[in-house]
Every structure is written in C-alpha cells, then in structure tokens.
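Data file: entry_8.cif. Format and content: mmCIF, C-alpha atoms.
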```cif
data_start
loop_
_atom_site.label_atom_id
_atom_site.label_comp_id
_atom_site.auth_asym_id
_atom_site.auth_seq_id
_atom_site.Cartn_x
_atom_site.Cartn_y
_atom_site.Cartn_z
CA LYS R 367 -45.86 23.43 -1.37
CA LEU R 368 -42.06 23.53 -1.48
CA GLU R 369 -40.08 20.31 -1.58
CA LEU R 370 -36.38 19.64 -1.54
CA SER R 371 -34.88 18.14 -4.66
CA PRO R 372 -32.97 14.86 -4.24
CA PHE R 373 -29.74 16.89 -4.22
CA GLY R 374 -31.20 19.21 -1.57
CA GLN R 375 -32.15 16.21 0.55
CA LEU R 376 -28.58 14.91 0.26
CA VAL R 377 -27.16 18.28 1.32
CA ALA R 378 -29.58 18.41 4.26
CA SER R 379 -28.61 14.92 5.42
CA LEU R 380 -24.90 15.72 5.72
CA GLY R 381 -23.02 17.43 8.50
CA GLY R 382 -19.65 19.07 8.01
CA ASP R 383 -17.86 22.31 7.36
CA ASN R 384 -19.53 22.73 3.97
CA GLU R 385 -22.38 20.32 3.26
CA LEU R 386 -22.83 21.65 -0.26
CA PHE R 387 -19.21 20.77 -1.04
CA LEU R 388 -19.59 17.29 0.45
CA ALA R 389 -22.78 16.61 -1.52
CA THR R 390 -21.34 17.95 -4.76
CA VAL R 391 -18.31 15.69 -4.46
CA LEU R 392 -20.46 12.68 -3.52
CA MET R 393 -22.63 13.23 -6.59
CA SER R 394 -19.57 12.92 -8.84
CA ALA R 395 -20.60 9.56 -10.23
CA GLN R 396 -17.16 8.16 -10.97
CA LEU R 397 -15.44 9.42 -7.84
CA LEU R 398 -15.14 6.03 -6.14
CA GLU R 399 -15.81 3.75 -9.08
CA GLY R 400 -13.45 0.78 -8.93
CA CYS R 401 -12.12 1.67 -5.49
CA THR R 402 -11.79 -0.94 -2.75
CA ALA R 403 -13.32 -0.21 0.67
CA SER R 404 -9.98 1.00 2.07
CA GLU R 405 -9.46 3.21 -1.00
CA GLY R 406 -12.96 4.65 -0.63
CA ALA R 407 -12.25 5.46 3.02
CA ALA R 408 -9.01 7.17 1.96
CA VAL R 409 -10.78 9.29 -0.66
CA LEU R 410 -13.49 10.37 1.78
CA SER R 411 -10.78 11.17 4.34
CA CYS R 412 -9.65 13.93 1.96
CA LEU R 413 -13.00 15.61 2.64
CA ALA R 414 -12.99 14.82 6.36
CA ALA R 415 -9.44 16.13 6.83
CA GLY R 416 -10.22 19.68 5.83
CA GLU R 417 -7.03 21.72 5.81
CA MET R 418 -4.04 19.88 7.25
CA ARG R 419 -1.06 21.65 8.77
CA ALA R 420 1.67 22.34 6.23
CA SER R 421 4.07 20.39 8.43
CA ALA R 422 1.90 17.25 8.38
CA SER R 423 3.64 14.38 6.69
CA CYS R 424 2.75 10.76 6.11
CA ALA R 425 5.19 8.21 4.71
CA LEU R 426 2.36 5.91 3.63
CA LEU R 427 1.38 6.76 0.09
CA PRO R 428 -2.15 6.19 -1.21
CA SER R 429 -2.83 3.97 -4.19
CA ALA R 430 -3.14 5.33 -7.72
CA ALA R 431 -6.93 4.92 -7.50
CA VAL R 432 -7.04 7.18 -4.43
CA LEU R 433 -4.80 9.77 -6.06
CA ASP R 434 -6.96 9.76 -9.19
CA ALA R 435 -10.16 10.19 -7.17
CA ALA R 436 -8.59 12.90 -5.01
CA ALA R 437 -7.59 14.75 -8.18
CA GLU R 438 -11.28 14.83 -9.18
CA ILE R 439 -12.05 16.78 -5.99
CA GLU R 440 -9.87 19.77 -6.91
CA PRO R 441 -11.91 21.13 -9.85
CA ILE R 442 -15.11 20.69 -7.83
CA ALA R 443 -13.59 22.61 -4.91
CA THR R 444 -12.31 25.36 -7.18
CA ALA R 445 -15.64 25.79 -8.98
CA LEU R 446 -17.60 25.87 -5.73
CA TYR R 447 -15.16 28.28 -4.08
CA GLU R 448 -15.43 30.65 -7.06
CA ALA R 449 -19.23 30.40 -7.13
CA GLN R 450 -19.43 31.13 -3.40
CA ALA R 451 -17.03 34.07 -3.72
CA ARG R 452 -19.15 35.63 -6.50
CA VAL R 453 -22.10 35.85 -4.12
CA ALA R 454 -20.09 36.60 -0.96
CA VAL R 455 -20.70 33.25 0.71
CA ASP R 456 -17.93 32.60 3.21
CA GLN R 457 -17.95 28.82 3.65
CA PRO R 458 -14.75 26.78 3.67
CA VAL R 459 -14.07 24.51 0.72
CA ALA R 460 -11.28 22.57 2.36
CA TYR R 461 -9.86 19.16 1.59
CA SER R 462 -6.48 17.48 1.85
CA SER R 463 -5.03 14.26 0.50
CA ALA R 464 -1.87 14.64 2.63
CA CYS R 465 -2.76 11.72 4.88
CA ALA R 466 -4.96 9.66 2.57
CA GLY R 467 -2.32 6.92 2.50
CA LEU R 468 -2.44 6.73 6.29
CA VAL R 469 -6.22 6.31 6.26
CA GLN R 470 -6.02 3.75 3.46
CA ALA R 471 -3.48 1.68 5.42
CA TRP R 472 -5.57 1.94 8.59
CA ALA R 473 -8.73 0.89 6.76
CA ALA R 474 -6.80 -2.05 5.29
CA GLY R 475 -5.88 -3.21 8.80
CA LEU R 476 -2.48 -1.67 9.64
CA GLU R 477 -1.96 -1.61 13.41
CA TRP R 478 -2.00 1.66 15.37
CA GLU R 479 1.68 1.47 16.37
CA GLU R 480 2.73 1.00 12.75
CA LEU R 481 0.50 3.89 11.64
CA MET R 482 2.04 6.21 14.19
CA CYS R 483 5.55 5.35 12.98
CA GLU R 484 4.63 6.56 9.49
CA THR R 485 3.46 10.09 10.25
CA SER R 486 4.59 13.35 11.85
CA LEU R 487 1.08 13.84 13.27
CA ASP R 488 0.56 13.26 16.95
CA ALA R 489 -1.85 10.59 18.14
CA GLY R 490 -4.63 13.10 18.79
CA ASP R 491 -4.47 14.44 15.23
CA VAL R 492 -4.52 10.92 13.77
CA LEU R 493 -7.44 9.96 16.00
CA ARG R 494 -9.32 13.12 14.95
CA LEU R 495 -8.73 12.35 11.25
CA LEU R 496 -9.88 8.75 11.64
CA SER R 497 -12.92 9.76 13.72
CA ARG R 498 -13.97 12.42 11.20
CA THR R 499 -13.51 9.92 8.37
CA LEU R 500 -15.64 7.32 10.17
CA GLU R 501 -18.35 9.91 10.81
CA LEU R 502 -18.39 10.91 7.13
CA LEU R 503 -18.54 7.24 6.08
CA ARG R 504 -21.48 6.73 8.47
CA GLN R 505 -23.27 9.77 7.02
CA VAL R 506 -22.69 8.59 3.45
CA LEU R 507 -24.15 5.17 4.24
CA GLN R 508 -27.31 6.78 5.63
CA ALA R 509 -27.64 9.65 3.15
CA PRO R 510 -30.34 9.58 0.49
CA PHE R 511 -29.59 9.72 -3.24
CA VAL R 512 -25.86 8.92 -3.00
CA PRO R 513 -24.76 7.18 -6.24
CA GLN R 514 -24.28 3.42 -5.98
CA SER R 515 -20.57 3.74 -6.81
CA VAL R 516 -20.05 5.62 -3.54
#
```
In structure tokens, what does this structure look like?
Amino acid sequence: KLELSPFGQLVASLGGDNELFLATVLMSAQLLEGCTASEGAAVLSCLAAGEMRASASCALLPSAAVLDAAAEIEPIATALYEAQARVAVDQPVAYSSACAGLVQAWAAGLEWEELMCETSLDAGDVLRLLSRTLELLRQVLQAPFVPQSV
C-alpha cells in the first residue's frame, strides 16, 4: 500500500502554479519566524504574485523582516528550477517581492485609496494580487504539516 509522506500531503493540499515550490518554501522552518501577521502576508504574497511586470512599482517598502524572508525564497527557487530543468520538468518557479510592501501595508490596515496612490499597478492588478495572497493564506491555514512558525 502506497502512502503519501507528510511533505507529499502538503504538496497535494496546495493549489498554485507550482505546488512543489510552494510546499518547499513553506517547509523552510525559519521563513516567517518572528514576523507579524502583516509581514507574514507580505512574504506569502511574494509566492502568490508570481512574475510581476517589469514596469510594476510600489512606493511602499516592506519591513526588514519581509525582505529577509523574501531573500530566503531565492535559493529555494533557484535549486528547484535547476532540479526541474535537469529532468525536463517545465513548471514555473516564479515569485516577486516587488509589491510585498503594498501587501504588508494593506494587511496592516491601510485604506484602498491610499494603497492605490502608492503603486503604478491598476486596481485590477492590485485586487488580483490581494485575492491570490488571501487564497494562499487560506490554503496555508488548512494545509497539513505546515511548520508552526508559518
């Protein structure tokens, strides 16, 4: 009888462009350690954002804790991308911290009008980013075997 490992169950419980990438990042024990709720939302928005347009800009900067956590995502993404390429798996390994400060400010309670004044994104793009972030947060709350720090 075959059974999924705890990591396999986590991968299976997630939905996104690359569930293996999401699960691998979530299993990084220290990723969100010491982050506030708004900082955690900002870090996870890096995964929900995927690839942002090069022209996307946000004047709201994320906290140092968010930048540190986002920096931990890069080596994971690089290693997974290289591993997938070696076996000809064509799955995106996309993330972006370009608008993490926007998500952090929104999660901390900044009003919509103020958010929109701080970004070059149109309202639909901001709404999509926030919706994808909320969906990922919802999945993480319900996913099995996610470390307590997340």
Practice item. Name the residues that the PyMOL selection byres ((chain R and resi 470) around 8) pulls out of this structure, and write them as an MDAnalysis selection string. Key: chainID R and resid 404:405 407:408 428 466:469 471:474
Practice item. Name the residues in contact with R:Leu487 at a cut-off of 10 Å, using only C-alpha atoms, excluding same-chain residues fewer than 2 positions from it; report them as a list in words. Key: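 Once the adjacent positions are removed, what remains is Met418, Arg419, Ser421, Ala422, Ser423, Cys424, Cys465, Met482, Cys483, Glu484, Thr485, Ala489, Gly490, Asp491, Val492 and Leu493 of chain R.
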**Study point:** Explicit residue set for the PyMOL selection byres ((chain R and resi 397) around 10), as number ranges by chain
**Key:** R: 391-396, 398-401, 406, 409-410, 431-432, 434-439, 513, 515-516
Review point. For the file shown, what are the residues hit by the PyMOL selection byres ((chain R and resi 448-457) around 12), laid out as a PyMOL selection string?
Key: chain R and resi 382-387+441-447+458-460
**Study point:** Distance in Å - atom CA of R:Val506 versus atom CA of R:Ser379
**Key:**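 Taking atom CA of R:Val506 as the start and atom CA of R:Ser379 as the end point, the length is 8.9 Å.
Among the candidate residues R:Gly475, R:Gly381, R:Gly374, R:Gly416, the one lying nearest to R:Arg494 is R:Gly416, with distances computed using only C-alpha atoms.
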Practice item. Identify which of the residues R:Gln514, R:Ser371, R:Ser411, R:Ser486 lies closest to R:Leu502, counting all atoms listed in the file when measuring atom-to-atom distances. Key: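 Among the listed residues, the smallest separation from R:Leu502 belongs to R:Ser411.
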Point to revise | Minimum-distance residue to R:Cys412, chosen among R:Ala430, R:Arg498, R:Lys367, R:Glu480 (using all atoms listed in the file) | key: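 Among the listed residues, the smallest separation from R:Cys412 belongs to R:Arg498.
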Practice item. Would you mind reading off the distance between atom CA of R:Glu417 and atom CA of R:Leu496, one decimal, in Å? Key: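 Separation between atom CA of R:Glu417 and atom CA of R:Leu496: 14.5 Å.
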**Study point:** Distance in Å - atom CA of R:Phe511 versus atom CA of R:Glu440
**Key:**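 For atom CA of R:Phe511 relative to atom CA of R:Glu440, the distance reads 22.4 Å.
Taking all atoms listed in the file into account, R:Ser462 lies nearest to R:Leu495 out of the set R:Leu376, R:Leu495, R:Leu500, R:Val512.
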Exercise for review: Could you check which of R:Ala414, R:Ala378, R:Leu370, R:Ala464 is closest to R:Leu433, using all atoms listed in the file?
Suggested key: R:Ala464
As a PDB file, in the coordinates of the input, could you write out stretch 408-440 of chain R once it has been completed with N, CA and C atoms?
```pdb
ATOM      1  N   ALA R 408     -10.104   6.207   2.157  1.00  0.00           N
ATOM      2  CA  ALA R 408      -9.010   7.170   1.960  1.00  0.00           C
ATOM      3  C   ALA R 408      -9.488   8.386   1.181  1.00  0.00           C
ATOM      4  N   VAL R 409     -10.276   8.166   0.140  1.00  0.00           N
ATOM      5  CA  VAL R 409     -10.780   9.290  -0.660  1.00  0.00           C
ATOM      6  C   VAL R 409     -11.682  10.173   0.195  1.00  0.00           C
ATOM      7  N   LEU R 410     -12.591   9.567   0.938  1.00  0.00           N
ATOM      8  CA  LEU R 410     -13.490  10.370   1.780  1.00  0.00           C
ATOM      9  C   LEU R 410     -12.728  11.062   2.902  1.00  0.00           C
ATOM     10  N   SER R 411     -11.589  10.494   3.312  1.00  0.00           N
ATOM     11  CA  SER R 411     -10.780  11.170   4.340  1.00  0.00           C
ATOM     12  C   SER R 411     -10.251  12.502   3.841  1.00  0.00           C
ATOM     13  N   CYS R 412     -10.092  12.644   2.525  1.00  0.00           N
ATOM     14  CA  CYS R 412      -9.650  13.930   1.960  1.00  0.00           C
ATOM     15  C   CYS R 412     -10.662  15.018   2.295  1.00  0.00           C
ATOM     16  N   LEU R 413     -11.938  14.656   2.315  1.00  0.00           N
ATOM     17  CA  LEU R 413     -13.000  15.610   2.640  1.00  0.00           C
ATOM     18  C   LEU R 413     -13.107  15.809   4.147  1.00  0.00           C
ATOM     19  N   ALA R 414     -12.889  14.744   4.905  1.00  0.00           N
ATOM     20  CA  ALA R 414     -12.990  14.820   6.360  1.00  0.00           C
ATOM     21  C   ALA R 414     -11.803  15.576   6.963  1.00  0.00           C
ATOM     22  N   ALA R 415     -10.661  15.522   6.284  1.00  0.00           N
ATOM     23  CA  ALA R 415      -9.440  16.130   6.830  1.00  0.00           C
ATOM     24  C   ALA R 415      -9.500  17.637   6.857  1.00  0.00           C
ATOM     25  N   GLY R 416     -10.220  18.226   5.923  1.00  0.00           N
ATOM     26  CA  GLY R 416     -10.220  19.680   5.830  1.00  0.00           C
ATOM     27  C   GLY R 416      -8.842  20.159   5.453  1.00  0.00           C
ATOM     28  N   GLU R 417      -8.377  21.211   6.081  1.00  0.00           N
ATOM     29  CA  GLU R 417      -7.030  21.720   5.810  1.00  0.00           C
ATOM     30  C   GLU R 417      -6.082  21.116   6.837  1.00  0.00           C
ATOM     31  N   MET R 418      -5.051  20.458   6.364  1.00  0.00           N
ATOM     32  CA  MET R 418      -4.040  19.880   7.250  1.00  0.00           C
ATOM     33  C   MET R 418      -2.919  20.911   7.431  1.00  0.00           C
ATOM     34  N   ARG R 419      -2.229  20.794   8.541  1.00  0.00           N
ATOM     35  CA  ARG R 419      -1.060  21.650   8.770  1.00  0.00           C
ATOM     36  C   ARG R 419      -0.033  21.409   7.672  1.00  0.00           C
ATOM     37  N   ALA R 420       0.651  22.464   7.280  1.00  0.00           N
ATOM     38  CA  ALA R 420       1.670  22.340   6.230  1.00  0.00           C
ATOM     39  C   ALA R 420       2.782  21.384   6.652  1.00  0.00           C
ATOM     40  N   SER R 421       3.004  21.259   7.943  1.00  0.00           N
ATOM     41  CA  SER R 421       4.070  20.390   8.430  1.00  0.00           C
ATOM     42  C   SER R 421       3.654  18.921   8.531  1.00  0.00           C
ATOM     43  N   ALA R 422       2.381  18.636   8.281  1.00  0.00           N
ATOM     44  CA  ALA R 422       1.900  17.250   8.380  1.00  0.00           C
ATOM     45  C   ALA R 422       2.540  16.401   7.285  1.00  0.00           C
ATOM     46  N   SER R 423       3.084  15.279   7.695  1.00  0.00           N
ATOM     47  CA  SER R 423       3.640  14.380   6.690  1.00  0.00           C
ATOM     48  C   SER R 423       3.270  12.941   7.026  1.00  0.00           C
ATOM     49  N   CYS R 424       3.083  12.174   5.981  1.00  0.00           N
ATOM     50  CA  CYS R 424       2.750  10.760   6.110  1.00  0.00           C
ATOM     51  C   CYS R 424       3.601  10.000   5.107  1.00  0.00           C
ATOM     52  N   ALA R 425       4.321   8.999   5.596  1.00  0.00           N
ATOM     53  CA  ALA R 425       5.190   8.210   4.710  1.00  0.00           C
ATOM     54  C   ALA R 425       4.388   7.198   3.900  1.00  0.00           C
ATOM     55  N   LEU R 426       3.200   6.881   4.346  1.00  0.00           N
ATOM     56  CA  LEU R 426       2.360   5.910   3.630  1.00  0.00           C
ATOM     57  C   LEU R 426       1.676   6.599   2.469  1.00  0.00           C
ATOM     58  N   LEU R 427       1.953   6.138   1.277  1.00  0.00           N
ATOM     59  CA  LEU R 427       1.380   6.760   0.090  1.00  0.00           C
ATOM     60  C   LEU R 427       0.090   6.058  -0.313  1.00  0.00           C
ATOM     61  N   PRO R 428      -0.902   6.817  -0.759  1.00  0.00           N
ATOM     62  CA  PRO R 428      -2.150   6.190  -1.210  1.00  0.00           C
ATOM     63  C   PRO R 428      -1.958   5.529  -2.570  1.00  0.00           C
ATOM     64  N   SER R 429      -2.869   4.651  -2.898  1.00  0.00           N
ATOM     65  CA  SER R 429      -2.830   3.970  -4.190  1.00  0.00           C
ATOM     66  C   SER R 429      -3.132   4.945  -5.319  1.00  0.00           C
ATOM     67  N   ALA R 430      -2.855   4.510  -6.538  1.00  0.00           N
ATOM     68  CA  ALA R 430      -3.140   5.330  -7.720  1.00  0.00           C
ATOM     69  C   ALA R 430      -4.628   5.643  -7.816  1.00  0.00           C
ATOM     70  N   ALA R 431      -5.484   4.689  -7.449  1.00  0.00           N
ATOM     71  CA  ALA R 431      -6.930   4.920  -7.500  1.00  0.00           C
ATOM     72  C   ALA R 431      -7.338   6.050  -6.561  1.00  0.00           C
ATOM     73  N   VAL R 432      -6.734   6.109  -5.387  1.00  0.00           N
ATOM     74  CA  VAL R 432      -7.040   7.180  -4.430  1.00  0.00           C
ATOM     75  C   VAL R 432      -6.537   8.517  -4.966  1.00  0.00           C
ATOM     76  N   LEU R 433      -5.339   8.529  -5.503  1.00  0.00           N
ATOM     77  CA  LEU R 433      -4.800   9.770  -6.060  1.00  0.00           C
ATOM     78  C   LEU R 433      -5.645  10.281  -7.221  1.00  0.00           C
ATOM     79  N   ASP R 434      -6.108   9.362  -8.069  1.00  0.00           N
ATOM     80  CA  ASP R 434      -6.960   9.760  -9.190  1.00  0.00           C
ATOM     81  C   ASP R 434      -8.278  10.348  -8.695  1.00  0.00           C
ATOM     82  N   ALA R 435      -8.895   9.688  -7.711  1.00  0.00           N
ATOM     83  CA  ALA R 435     -10.160  10.190  -7.170  1.00  0.00           C
ATOM     84  C   ALA R 435      -9.957  11.519  -6.459  1.00  0.00           C
ATOM     85  N   ALA R 436      -8.872  11.639  -5.716  1.00  0.00           N
ATOM     86  CA  ALA R 436      -8.590  12.900  -5.010  1.00  0.00           C
ATOM     87  C   ALA R 436      -8.385  14.037  -6.009  1.00  0.00           C
ATOM     88  N   ALA R 437      -7.788  13.725  -7.152  1.00  0.00           N
ATOM     89  CA  ALA R 437      -7.590  14.750  -8.180  1.00  0.00           C
ATOM     90  C   ALA R 437      -8.910  15.248  -8.743  1.00  0.00           C
ATOM     91  N   GLU R 438      -9.954  14.412  -8.713  1.00  0.00           N
ATOM     92  CA  GLU R 438     -11.280  14.830  -9.180  1.00  0.00           C
ATOM     93  C   GLU R 438     -11.934  15.824  -8.230  1.00  0.00           C
ATOM     94  N   ILE R 439     -11.472  15.863  -6.982  1.00  0.00           N
ATOM     95  CA  ILE R 439     -12.050  16.780  -5.990  1.00  0.00           C
ATOM     96  C   ILE R 439     -11.629  18.215  -6.267  1.00  0.00           C
ATOM     97  N   GLU R 440     -10.400  18.412  -6.729  1.00  0.00           N
ATOM     98  CA  GLU R 440      -9.870  19.770  -6.910  1.00  0.00           C
ATOM     99  C   GLU R 440     -10.712  20.667  -7.803  1.00  0.00           C
TER     100      GLU R 440
END
```
